[in-house]
>>> print(open('upload20.txt').read())   # compact mmCIF, C-alpha atoms
# COMPACT_ATOMS: atom_id res chain seq x y z
CA MET A 1 99.22 110.75 106.20
CA THR A 2 99.05 108.45 109.22
CA SER A 3 99.87 104.84 108.43
CA GLN A 4 97.82 101.91 109.69
CA GLU A 5 100.59 100.97 112.10
CA GLU A 6 100.84 104.50 113.47
CA LEU A 7 97.07 104.77 113.90
CA GLN A 8 96.93 101.41 115.69
CA THR A 9 99.73 102.55 118.01
CA GLN A 10 97.80 105.75 118.78
CA THR A 11 94.66 103.69 119.38
CA ASP A 12 96.44 101.29 121.72
CA ALA A 13 97.56 104.20 123.90
CA TYR A 14 93.99 104.41 125.21
CA GLY A 15 92.10 102.01 127.41
CA TRP A 16 88.97 100.72 125.66
CA PHE A 17 85.89 98.99 126.97
CA HIS A 18 84.39 98.19 123.57
CA THR A 19 85.96 96.72 120.47
CA ILE A 20 85.40 99.34 117.78
CA ASP A 21 86.39 99.04 114.13
CA LEU A 22 87.97 102.39 113.29
CA GLY A 23 88.51 101.47 109.64
CA ASN A 24 91.60 100.68 107.58
CA GLY A 25 92.25 97.57 109.65
CA VAL A 26 92.50 99.46 112.95
CA VAL A 27 90.47 98.00 115.83
CA THR A 28 90.33 99.02 119.48
CA LYS A 29 91.31 96.40 122.04
CA GLY A 30 88.14 96.36 124.10
CA LEU A 31 87.66 94.53 127.37
CA GLY A 32 83.89 94.16 127.31
CA ALA A 33 81.64 91.91 125.26
CA HIS A 34 78.95 93.10 122.87
CA TRP A 35 75.58 91.65 123.81
CA HIS A 36 73.60 92.78 120.79
CA THR A 37 72.37 90.71 117.86
CA ALA A 38 70.91 91.80 114.53
CA GLU A 39 67.50 92.00 116.26
CA THR A 40 68.67 94.15 119.16
CA PHE A 41 67.90 97.45 117.48
CA PRO A 42 64.83 98.68 115.64
CA ASP A 43 65.19 100.39 112.28
CA LEU A 44 67.22 103.51 113.05
CA THR A 45 67.04 105.03 109.56
CA GLY A 46 66.03 108.67 109.74
CA ARG A 47 65.57 108.58 113.51
CA SER A 48 67.10 110.53 116.37
CA VAL A 49 68.92 108.38 118.93
CA LEU A 50 70.09 108.98 122.50
CA ASP A 51 72.76 106.61 123.82
CA ILE A 52 72.69 106.77 127.63
CA GLY A 53 75.95 105.67 129.23
CA ALA A 54 77.81 105.81 125.94
CA PHE A 55 81.27 105.10 127.39
CA ASP A 56 83.65 104.99 124.40
CA GLY A 57 80.80 105.31 121.90
CA TYR A 58 80.41 101.87 120.36
CA TYR A 59 76.62 101.97 120.19
CA SER A 60 76.52 105.66 119.31
CA PHE A 61 78.70 105.08 116.26
CA LEU A 62 76.70 101.95 115.43
CA ALA A 63 73.47 103.96 115.44
CA GLU A 64 75.04 106.58 113.16
CA ARG A 65 76.29 103.88 110.82
CA ASN A 66 72.80 102.35 110.74
CA GLY A 67 71.22 105.51 109.40
CA ALA A 68 70.25 107.63 112.42
CA THR A 69 70.00 111.30 111.48
CA ARG A 70 71.06 112.55 114.91
CA VAL A 71 72.91 110.68 117.66
CA VAL A 72 73.70 112.00 121.12
CA ALA A 73 76.22 110.14 123.29
CA LEU A 74 75.49 110.88 126.95
CA ASP A 75 77.78 109.96 129.81
CA HIS A 76 79.48 111.33 132.86
CA TYR A 77 80.30 108.38 135.12
CA ALA A 78 82.52 106.42 132.74
CA TRP A 79 84.13 109.64 131.54
CA GLY A 80 84.96 111.17 134.91
CA ILE A 81 85.49 108.44 137.50
CA ASP A 82 88.98 107.42 138.58
CA PHE A 83 88.29 103.68 138.43
CA GLY A 84 91.69 102.77 139.81
CA ALA A 85 91.23 104.86 142.97
CA ARG A 86 87.67 103.59 143.37
CA GLN A 87 88.85 99.97 143.13
CA ARG A 88 91.51 100.56 145.78
CA TYR A 89 88.79 101.95 148.05
CA TRP A 90 86.59 98.94 147.31
CA ASN A 91 89.47 96.63 148.20
CA GLU A 92 89.82 98.42 151.53
CA CYS A 93 86.10 97.94 152.14
CA ILE A 94 86.37 94.25 151.33
CA ALA A 95 89.30 93.87 153.74
CA SER A 96 87.39 95.63 156.54
CA ALA A 97 84.05 93.93 155.76
CA THR A 98 82.29 97.27 155.27
CA LEU A 99 80.12 98.59 152.45
CA PRO A 100 81.55 101.45 150.38
CA ASP A 101 79.93 104.87 150.29
CA PRO A 102 78.72 105.38 146.68
CA GLY A 103 78.60 109.13 147.27
CA ARG A 104 82.38 109.23 147.12
CA ASP A 105 82.27 108.33 143.43
CA LEU A 106 81.43 111.89 142.44
CA THR A 107 83.62 113.55 145.07
CA ASP A 108 86.78 111.70 146.04
CA PHE A 109 87.04 109.73 142.77
CA TRP A 110 85.78 112.35 140.34
CA LEU A 111 88.20 113.74 137.73
CA PRO A 112 86.77 116.98 136.29
CA GLU A 113 89.05 116.83 133.26
CA LEU A 114 87.06 113.74 132.14
CA PRO A 115 89.97 111.52 131.05
CA GLY A 116 87.56 108.67 130.31
CA ARG A 117 86.06 110.71 127.48
CA ARG A 118 89.30 110.79 125.49
CA PRO A 119 88.87 107.37 123.81
CA PHE A 120 85.41 108.44 122.65
CA GLU A 121 86.76 111.69 121.18
CA PHE A 122 89.62 109.82 119.50
CA ALA A 123 87.22 107.34 117.92
CA LYS A 124 84.88 110.12 116.85
CA ALA A 125 87.69 112.02 115.13
CA THR A 126 89.07 108.87 113.49
CA LEU A 127 85.64 107.89 112.18
CA ASN A 128 84.86 111.48 111.11
CA SER A 129 81.67 111.04 113.11
CA GLU A 130 79.00 113.67 113.79
CA VAL A 131 77.83 112.03 117.02
CA GLU A 132 77.21 114.73 119.64
CA ALA A 133 78.73 114.30 123.10
CA VAL A 134 76.84 115.51 126.18
CA VAL A 135 78.20 115.28 129.71
CA GLY A 136 75.46 114.68 132.24
CA ASP A 137 73.95 112.35 134.81
CA PHE A 138 70.77 111.09 133.19
CA ALA A 139 69.26 110.22 136.57
CA THR A 140 69.37 113.83 137.79
CA MET A 141 69.87 116.21 134.85
CA ASP A 142 67.24 118.47 133.31
CA LEU A 143 65.76 116.36 130.52
CA ASP A 144 64.57 119.47 128.68
CA VAL A 145 68.23 120.15 127.92
CA LEU A 146 68.34 116.96 125.90
CA GLY A 147 64.96 117.10 124.21
CA PRO A 148 62.95 114.05 123.03
CA PHE A 149 64.40 111.24 120.91
CA ASP A 150 62.76 108.71 118.64
CA VAL A 151 64.92 105.90 120.01
CA VAL A 152 66.65 105.76 123.38
CA LEU A 153 69.39 103.22 124.06
CA TYR A 154 69.63 102.21 127.72
CA LEU A 155 72.24 99.51 127.45
CA GLY A 156 74.07 98.02 130.42
CA VAL A 157 72.92 100.77 132.77
CA LEU A 158 69.73 99.73 134.59
CA TYR A 159 71.30 97.24 137.01
CA HIS A 160 73.79 99.89 138.12
CA MET A 161 70.98 102.22 139.23
CA GLN A 162 69.93 102.43 142.89
CA ASP A 163 66.41 103.51 141.86
CA PRO A 164 65.67 101.60 138.63
CA LEU A 165 61.97 102.48 138.38
CA SER A 166 62.61 106.22 138.60
CA CYS A 167 65.33 105.90 135.95
CA LEU A 168 63.00 104.01 133.61
CA ARG A 169 60.36 106.69 134.09
CA ARG A 170 62.92 109.25 132.95
CA VAL A 171 63.73 107.07 129.94
CA ARG A 172 60.02 107.02 129.11
CA MET A 173 59.79 110.82 129.44
CA ILE A 174 62.37 111.36 126.72
CA THR A 175 61.33 108.55 124.34
CA THR A 176 58.87 109.21 121.52
CA GLU A 177 58.92 105.77 119.85
CA VAL A 178 60.89 102.98 121.51
CA ALA A 179 63.54 102.43 124.16
CA VAL A 180 66.03 99.59 123.80
CA ILE A 181 66.82 98.36 127.31
CA GLU A 182 69.58 95.84 127.95
CA THR A 183 70.41 94.72 131.46
CA GLU A 184 71.78 91.98 133.63
CA ALA A 185 68.88 89.62 134.30
CA VAL A 186 68.29 86.42 136.21
CA HIS A 187 66.36 83.25 135.52
CA LEU A 188 65.29 81.27 138.57
CA GLU A 189 64.59 77.59 138.09
CA GLY A 190 60.96 76.75 138.72
CA HIS A 191 59.92 80.44 138.68
CA ASP A 192 59.74 81.02 134.93
CA GLN A 193 56.83 83.47 135.05
CA ALA A 194 57.70 85.17 138.34
CA SER A 195 57.99 88.95 138.37
CA LEU A 196 60.98 89.35 140.68
CA VAL A 197 63.95 91.63 141.23
CA GLN A 198 67.07 90.52 143.10
CA PHE A 199 68.82 93.07 145.28
CA HIS A 200 72.60 92.89 145.45
CA ALA A 201 74.74 94.62 148.03
CA GLY A 202 78.23 94.12 149.31
CA GLY A 203 79.58 93.24 145.88
CA SER A 204 77.59 90.01 145.81
CA LEU A 205 77.32 90.20 142.01
CA ARG A 206 80.79 89.57 140.58
CA GLY A 207 82.46 91.64 143.31
CA ASP A 208 81.15 94.89 141.82
CA PHE A 209 79.67 97.26 144.39
CA GLY A 210 78.05 99.19 141.54
CA ASN A 211 75.63 96.33 140.76
CA TRP A 212 72.29 96.71 142.53
CA TYR A 213 69.08 95.31 141.02
CA VAL A 214 68.77 92.30 138.69
CA PRO A 215 65.24 91.46 137.42
CA THR A 216 63.70 88.38 135.94
CA ILE A 217 62.35 88.96 132.44
CA GLU A 218 58.83 89.31 133.86
CA GLY A 219 60.16 91.74 136.43
CA LEU A 220 61.80 93.79 133.69
CA HIS A 221 58.53 93.90 131.74
CA ALA A 222 56.69 95.01 134.87
CA LEU A 223 59.22 97.76 135.57
CA CYS A 224 58.87 99.09 132.02
CA ARG A 225 55.07 99.05 132.20
CA ALA A 226 55.15 100.78 135.59
CA ALA A 227 57.43 103.42 134.07
CA GLY A 228 54.73 104.27 131.53
CA PHE A 229 55.59 102.24 128.43
CA SER A 230 52.50 100.84 126.72
CA SER A 231 54.01 97.53 125.59
CA VAL A 232 57.23 95.59 126.03
CA HIS A 233 58.69 92.99 123.64
CA THR A 234 61.45 90.58 124.65
CA ILE A 235 64.33 90.54 122.16
CA MET A 236 66.81 88.50 124.21
CA GLY A 237 65.21 86.49 126.98
CA PRO A 238 65.96 83.78 129.51
CA PRO A 239 67.66 80.50 128.63
CA GLN A 240 65.58 77.78 127.06
CA ALA A 241 64.60 74.84 129.19
CA PRO A 242 66.35 71.59 128.27
CA PRO A 243 64.12 68.89 126.83
CA VAL A 244 62.73 66.65 129.55
CA ALA A 245 61.74 63.10 128.78
CA PRO A 246 58.33 62.20 130.19
CA GLU A 247 58.47 60.15 133.36
CA SER A 248 57.47 56.54 133.06
CA ARG A 249 54.46 55.20 134.95
CA ARG A 250 56.86 53.28 137.24
CA ILE A 251 58.83 56.46 138.14
CA ARG A 252 55.64 58.44 138.78
CA LEU A 253 54.33 55.66 141.01
CA GLY A 254 57.68 55.53 142.84
CA ARG A 255 57.54 59.26 143.52
CA ARG A 256 54.04 59.04 144.95
CA ILE A 257 55.02 56.14 147.23
CA SER A 258 58.27 57.76 148.43
CA GLY A 259 56.83 61.25 148.76
CA LEU A 260 59.58 62.75 146.56
CA PRO A 261 58.60 66.00 144.81
CA ARG A 262 58.31 66.13 141.08
CA SER A 263 61.20 67.79 139.27
CA HIS A 264 60.73 71.24 137.71
CA ASN A 265 59.90 69.92 134.27
CA GLY A 266 60.23 72.57 131.58
CA SER A 267 62.39 74.99 133.59
CA ALA A 268 65.97 75.91 132.76
CA PRO A 269 68.56 76.00 135.56
CA SER A 270 68.93 79.22 137.52
CA MET A 271 71.43 81.55 135.88
CA ASN A 272 72.26 85.16 135.11
CA TYR A 273 72.13 86.37 131.51
CA ARG A 274 71.74 89.53 129.43
CA ALA A 275 68.17 90.53 128.63
CA VAL A 276 67.13 92.97 125.89
CA VAL A 277 63.63 94.40 125.54
CA HIS A 278 62.00 96.97 123.31
CA ALA A 279 59.72 99.23 125.35
CA PHE A 280 57.21 101.13 123.22
CA VAL A 281 55.48 104.39 124.16
>>> encode(input="upload20.txt", output="structure tokens")
Amino acid sequence: MTSQEELQTQTDAYGWFHTIDLGNGVVTKGLGAHWHTAETFPDLTGRSVLDIGAFDGYYSFLAERNGATRVVALDHYAWGIDFGARQRYWNECIASATLPDPGRDLTDFWLPELPGRRPFEFAKATLNSEVEAVVGDFATMDLDVLGPFDVVLYLGVLYHMQDPLSCLRRVRMITTEVAVIETEAVHLEGHDQASLVQFHAGGSLRGDFGNWYVPTIEGLHALCRAAGFSSVHTIMGPPQAPPVAPESRRIRLGRRISGLPRSHNGSAPSMNYRAVVHAFV
């Protein structure tokens, strides 16, 4: 029987993105943060769930633990890319002030033995999980191979897609009840209701050349509606505006005399954040 110390040592031999509780006091040492709250997910009891971009399986195992009858963990990019080699190439591009060729990801930096899948398989075995693993590119694969799902998790993927609307249409095609969509989003001061999408190139978002489109919350709603979802509910939205004390009559008069514009009362400062919406069919 493997001791806790031995199991933790085996766990630490892998690189983890998520922090996963494997039981018996053993926890993976993840690098990424979890953006979900108790309200992030709908009731998963008795439902089928597809986790797109599952990586090491945190949300797949969470769905199983929360009562889903069938869970499919789908990935290919995080499982097969040599991230070290890709980063060295990116560094060369930065040094030469050129943009990288994303097509090289699946050629020069692709590892067919899928080493990035090993942490997922280790966690699955340790948890005695029945989550199904499928290797595929959701943006291009035959969706009939997957079949429909009651709930589709599209978490931390959308802003990495070069054609986000087409990808959301594919999410809609395979969803029978609700899709949970979490993405990098942006709030722009003074444009609280604006339906906008920022385009990033050249690693302008945190130096990551794999970041492309970042919507406002209204832009995200519009994308989901354009993709064919009937309604969209915000679960995690933009930051709240700080309270603004009403201007005195003297200050208002001073602004009119000086010609100074009024401040953006009721608008939070511009910032990036994580947005979560439920998109219903």
>>> closest_residue(input="upload20.txt", among="A:Gly30, A:Gly67, A:Gly190, A:Gly136", to="A:Tyr14", atoms="all atoms listed in the file")
A:Gly30
>>> residues_around(input="upload20.txt", residues="A:Thr2", least_positions_apart="3", cutoff="12 Å", atoms="all atoms listed in the file", output="JSON, numbers by chain")
{"A": [5, 6, 7, 8, 9, 10, 24, 26, 126]}
>>> closest_atom_pairs(input="upload20.txt", of="stretch 28-52 of chain A", to="stretch 172-185 of chain A", cutoff="12 Å", atoms="all atoms listed in the file", output="JSON lines")
{"residue": "A:His34", "atom": "CA", "partner": "A:Glu182", "partner_atom": "CA", "distance": 11.0}
{"residue": "A:Trp35", "atom": "CA", "partner": "A:Glu182", "partner_atom": "CA", "distance": 8.4}
{"residue": "A:His36", "atom": "CA", "partner": "A:Glu182", "partner_atom": "CA", "distance": 8.8}
{"residue": "A:Thr37", "atom": "CA", "partner": "A:Glu182", "partner_atom": "CA", "distance": 11.7}
{"residue": "A:Glu39", "atom": "CA", "partner": "A:Val180", "partner_atom": "CA", "distance": 10.8}
{"residue": "A:Thr40", "atom": "CA", "partner": "A:Val180", "partner_atom": "CA", "distance": 7.6}
{"residue": "A:Phe41", "atom": "CA", "partner": "A:Val180", "partner_atom": "CA", "distance": 6.9}
{"residue": "A:Pro42", "atom": "CA", "partner": "A:Val178", "partner_atom": "CA", "distance": 8.3}
{"residue": "A:Asp43", "atom": "CA", "partner": "A:Val178", "partner_atom": "CA", "distance": 10.5}
{"residue": "A:Leu44", "atom": "CA", "partner": "A:Val178", "partner_atom": "CA", "distance": 10.6}
{"residue": "A:Arg47", "atom": "CA", "partner": "A:Glu177", "partner_atom": "CA", "distance": 9.6}
{"residue": "A:Ser48", "atom": "CA", "partner": "A:Thr176", "partner_atom": "CA", "distance": 9.8}
{"residue": "A:Val49", "atom": "CA", "partner": "A:Thr175", "partner_atom": "CA", "distance": 9.3}
{"residue": "A:Leu50", "atom": "CA", "partner": "A:Thr175", "partner_atom": "CA", "distance": 9.0}
{"residue": "A:Asp51", "atom": "CA", "partner": "A:Val180", "partner_atom": "CA", "distance": 9.7}
{"residue": "A:Ile52", "atom": "CA", "partner": "A:Ile181", "partner_atom": "CA", "distance": 10.3}
>>> atom_distance(input="upload20.txt", atom1="atom CA of A:Asp137", atom2="atom CA of A:Asp108")
17.1 Å
>>> atom_distance(input="upload20.txt", atom1="atom CA of A:Leu205", atom2="atom CA of A:Gly80")
23.4 Å
>>> residues_near_point(input="upload20.txt", point="(86.0, 116.5, 135.6)", cutoff="9 Å", atoms="all atoms listed in the file", output="VMD selection string")
chain A and resid 76 79 to 81 110 to 115
>>> closest_atom_pairs(input="upload20.txt", of="stretch 142-235 of chain A", to="stretch 269-275 of chain A", cutoff="12 Å", atoms="all atoms listed in the file", output="tab-separated table")
residue	atom	partner	partner_atom	distance
A:Tyr154	CA	A:Ala275	CA	11.8
A:Leu155	CA	A:Ala275	CA	9.9
A:Gly156	CA	A:Arg274	CA	8.9
A:Val157	CA	A:Arg274	CA	11.8
A:Leu158	CA	A:Ala275	CA	11.1
A:Tyr159	CA	A:Arg274	CA	10.8
A:Val180	CA	A:Ala275	CA	10.5
A:Ile181	CA	A:Ala275	CA	8.1
A:Glu182	CA	A:Ala275	CA	5.5
A:Thr183	CA	A:Ala275	CA	5.5
A:Glu184	CA	A:Arg274	CA	4.9
A:Ala185	CA	A:Tyr273	CA	5.4
A:Val186	CA	A:Asn272	CA	4.3
A:His187	CA	A:Ser270	CA	5.2
A:Leu188	CA	A:Ser270	CA	4.3
A:Glu189	CA	A:Ser270	CA	4.7
A:Gly190	CA	A:Pro269	CA	8.3
A:His191	CA	A:Ser270	CA	9.2
A:Asp192	CA	A:Ser270	CA	9.7
A:Gln198	CA	A:Asn272	CA	10.9
A:Leu205	CA	A:Asn272	CA	9.9
A:Arg206	CA	A:Asn272	CA	11.1
A:Val214	CA	A:Asn272	CA	8.7
A:Pro215	CA	A:Ala275	CA	9.3
A:Thr216	CA	A:Ala275	CA	8.8
A:Ile217	CA	A:Ala275	CA	7.1
A:Glu218	CA	A:Ala275	CA	10.8
A:Gly219	CA	A:Ala275	CA	11.2
A:Leu220	CA	A:Ala275	CA	8.8
A:His221	CA	A:Ala275	CA	10.7
A:His233	CA	A:Ala275	CA	11.0
A:Thr234	CA	A:Ala275	CA	7.8
A:Ile235	CA	A:Ala275	CA	7.5
>>> build_atoms(input="upload20.txt", residues="stretch 167-178 of chain A", atoms="all heavy atoms", output="mmCIF file, in the coordinates of the input")
data_model
loop_
_atom_site.group_PDB
_atom_site.id
_atom_site.type_symbol
_atom_site.label_atom_id
_atom_site.label_comp_id
_atom_site.auth_asym_id
_atom_site.auth_seq_id
_atom_site.Cartn_x
_atom_site.Cartn_y
_atom_site.Cartn_z
ATOM 1 N N CYS A 167 64.503 105.727 137.152
ATOM 2 C CA CYS A 167 65.330 105.900 135.950
ATOM 3 C C CYS A 167 64.555 105.505 134.698
ATOM 4 O O CYS A 167 64.629 106.176 133.667
ATOM 5 C CB CYS A 167 66.607 105.092 136.084
ATOM 6 S SG CYS A 167 67.752 105.731 137.333
ATOM 7 N N LEU A 168 63.793 104.417 134.772
ATOM 8 C CA LEU A 168 63.000 104.010 133.610
ATOM 9 C C LEU A 168 61.899 105.012 133.311
ATOM 10 O O LEU A 168 61.547 105.234 132.140
ATOM 11 C CB LEU A 168 62.408 102.624 133.841
ATOM 12 C CG LEU A 168 63.380 101.452 133.705
ATOM 13 C CD1 LEU A 168 62.700 100.142 134.067
ATOM 14 C CD2 LEU A 168 63.951 101.375 132.282
ATOM 15 N N ARG A 169 61.345 105.640 134.333
ATOM 16 C CA ARG A 169 60.360 106.690 134.090
ATOM 17 C C ARG A 169 60.989 107.854 133.342
ATOM 18 O O ARG A 169 60.364 108.462 132.479
ATOM 19 C CB ARG A 169 59.765 107.153 135.421
ATOM 20 C CG ARG A 169 58.749 106.175 136.006
ATOM 21 C CD ARG A 169 58.256 106.616 137.362
ATOM 22 N NE ARG A 169 57.193 105.739 137.844
ATOM 23 C CZ ARG A 169 56.891 105.561 139.119
ATOM 24 N NH1 ARG A 169 57.594 106.196 140.055
ATOM 25 N NH2 ARG A 169 55.907 104.757 139.475
ATOM 26 N N ARG A 170 62.220 108.173 133.660
ATOM 27 C CA ARG A 170 62.920 109.250 132.950
ATOM 28 C C ARG A 170 63.215 108.839 131.507
ATOM 29 O O ARG A 170 63.141 109.658 130.591
ATOM 30 C CB ARG A 170 64.200 109.626 133.696
ATOM 31 C CG ARG A 170 63.934 110.302 135.026
ATOM 32 C CD ARG A 170 65.210 110.565 135.814
ATOM 33 N NE ARG A 170 66.077 111.550 135.154
ATOM 34 C CZ ARG A 170 65.937 112.866 135.270
ATOM 35 N NH1 ARG A 170 64.941 113.380 135.985
ATOM 36 N NH2 ARG A 170 66.773 113.690 134.673
ATOM 37 N N VAL A 171 63.544 107.557 131.308
ATOM 38 C CA VAL A 171 63.730 107.070 129.940
ATOM 39 C C VAL A 171 62.432 107.226 129.156
ATOM 40 O O VAL A 171 62.434 107.677 127.997
ATOM 41 C CB VAL A 171 64.179 105.595 129.943
ATOM 42 C CG1 VAL A 171 64.173 105.022 128.525
ATOM 43 C CG2 VAL A 171 65.570 105.461 130.551
ATOM 44 N N ARG A 172 61.313 106.877 129.775
ATOM 45 C CA ARG A 172 60.020 107.020 129.110
ATOM 46 C C ARG A 172 59.726 108.485 128.770
ATOM 47 O O ARG A 172 59.183 108.779 127.695
ATOM 48 C CB ARG A 172 58.894 106.458 130.008
ATOM 49 C CG ARG A 172 57.471 106.778 129.541
ATOM 50 C CD ARG A 172 57.175 106.182 128.171
ATOM 51 N NE ARG A 172 55.881 106.596 127.693
ATOM 52 C CZ ARG A 172 55.638 107.690 126.986
ATOM 53 N NH1 ARG A 172 56.658 108.517 126.697
ATOM 54 N NH2 ARG A 172 54.433 107.971 126.572
ATOM 55 N N MET A 173 60.075 109.404 129.649
ATOM 56 C CA MET A 173 59.790 110.820 129.440
ATOM 57 C C MET A 173 60.452 111.363 128.190
ATOM 58 O O MET A 173 59.933 112.281 127.547
ATOM 59 C CB MET A 173 60.243 111.632 130.663
ATOM 60 C CG MET A 173 59.388 111.438 131.901
ATOM 61 S SD MET A 173 60.147 112.203 133.369
ATOM 62 C CE MET A 173 60.197 113.933 132.852
ATOM 63 N N ILE A 174 61.595 110.792 127.833
ATOM 64 C CA ILE A 174 62.370 111.360 126.720
ATOM 65 C C ILE A 174 62.251 110.543 125.442
ATOM 66 O O ILE A 174 62.822 110.891 124.413
ATOM 67 C CB ILE A 174 63.846 111.513 127.153
ATOM 68 C CG1 ILE A 174 64.522 112.642 126.393
ATOM 69 C CG2 ILE A 174 64.618 110.211 127.029
ATOM 70 C CD1 ILE A 174 65.842 113.058 126.982
ATOM 71 N N THR A 175 61.482 109.444 125.493
ATOM 72 C CA THR A 175 61.330 108.550 124.340
ATOM 73 C C THR A 175 60.028 108.838 123.623
ATOM 74 O O THR A 175 58.970 108.903 124.247
ATOM 75 C CB THR A 175 61.322 107.075 124.804
ATOM 76 O OG1 THR A 175 62.503 106.806 125.568
ATOM 77 C CG2 THR A 175 61.263 106.137 123.619
ATOM 78 N N THR A 176 60.093 108.988 122.301
ATOM 79 C CA THR A 176 58.870 109.210 121.520
ATOM 80 C C THR A 176 58.416 107.970 120.762
ATOM 81 O O THR A 176 57.258 107.909 120.339
ATOM 82 C CB THR A 176 59.062 110.357 120.514
ATOM 83 O OG1 THR A 176 60.100 110.013 119.590
ATOM 84 C CG2 THR A 176 59.431 111.657 121.223
ATOM 85 N N GLU A 177 59.309 106.983 120.564
ATOM 86 C CA GLU A 177 58.920 105.770 119.850
ATOM 87 C C GLU A 177 59.236 104.506 120.650
ATOM 88 O O GLU A 177 58.339 103.786 121.082
ATOM 89 C CB GLU A 177 59.590 105.703 118.472
ATOM 90 C CG GLU A 177 59.114 106.785 117.497
ATOM 91 C CD GLU A 177 59.699 106.611 116.117
ATOM 92 O OE1 GLU A 177 60.250 105.534 115.811
ATOM 93 O OE2 GLU A 177 59.633 107.580 115.328
ATOM 94 N N VAL A 178 60.520 104.230 120.849
ATOM 95 C CA VAL A 178 60.890 102.980 121.510
ATOM 96 C C VAL A 178 62.210 103.142 122.250
ATOM 97 O O VAL A 178 63.112 103.853 121.798
ATOM 98 C CB VAL A 178 61.008 101.826 120.469
ATOM 99 C CG1 VAL A 178 62.024 102.165 119.380
ATOM 100 C CG2 VAL A 178 61.358 100.502 121.134
#
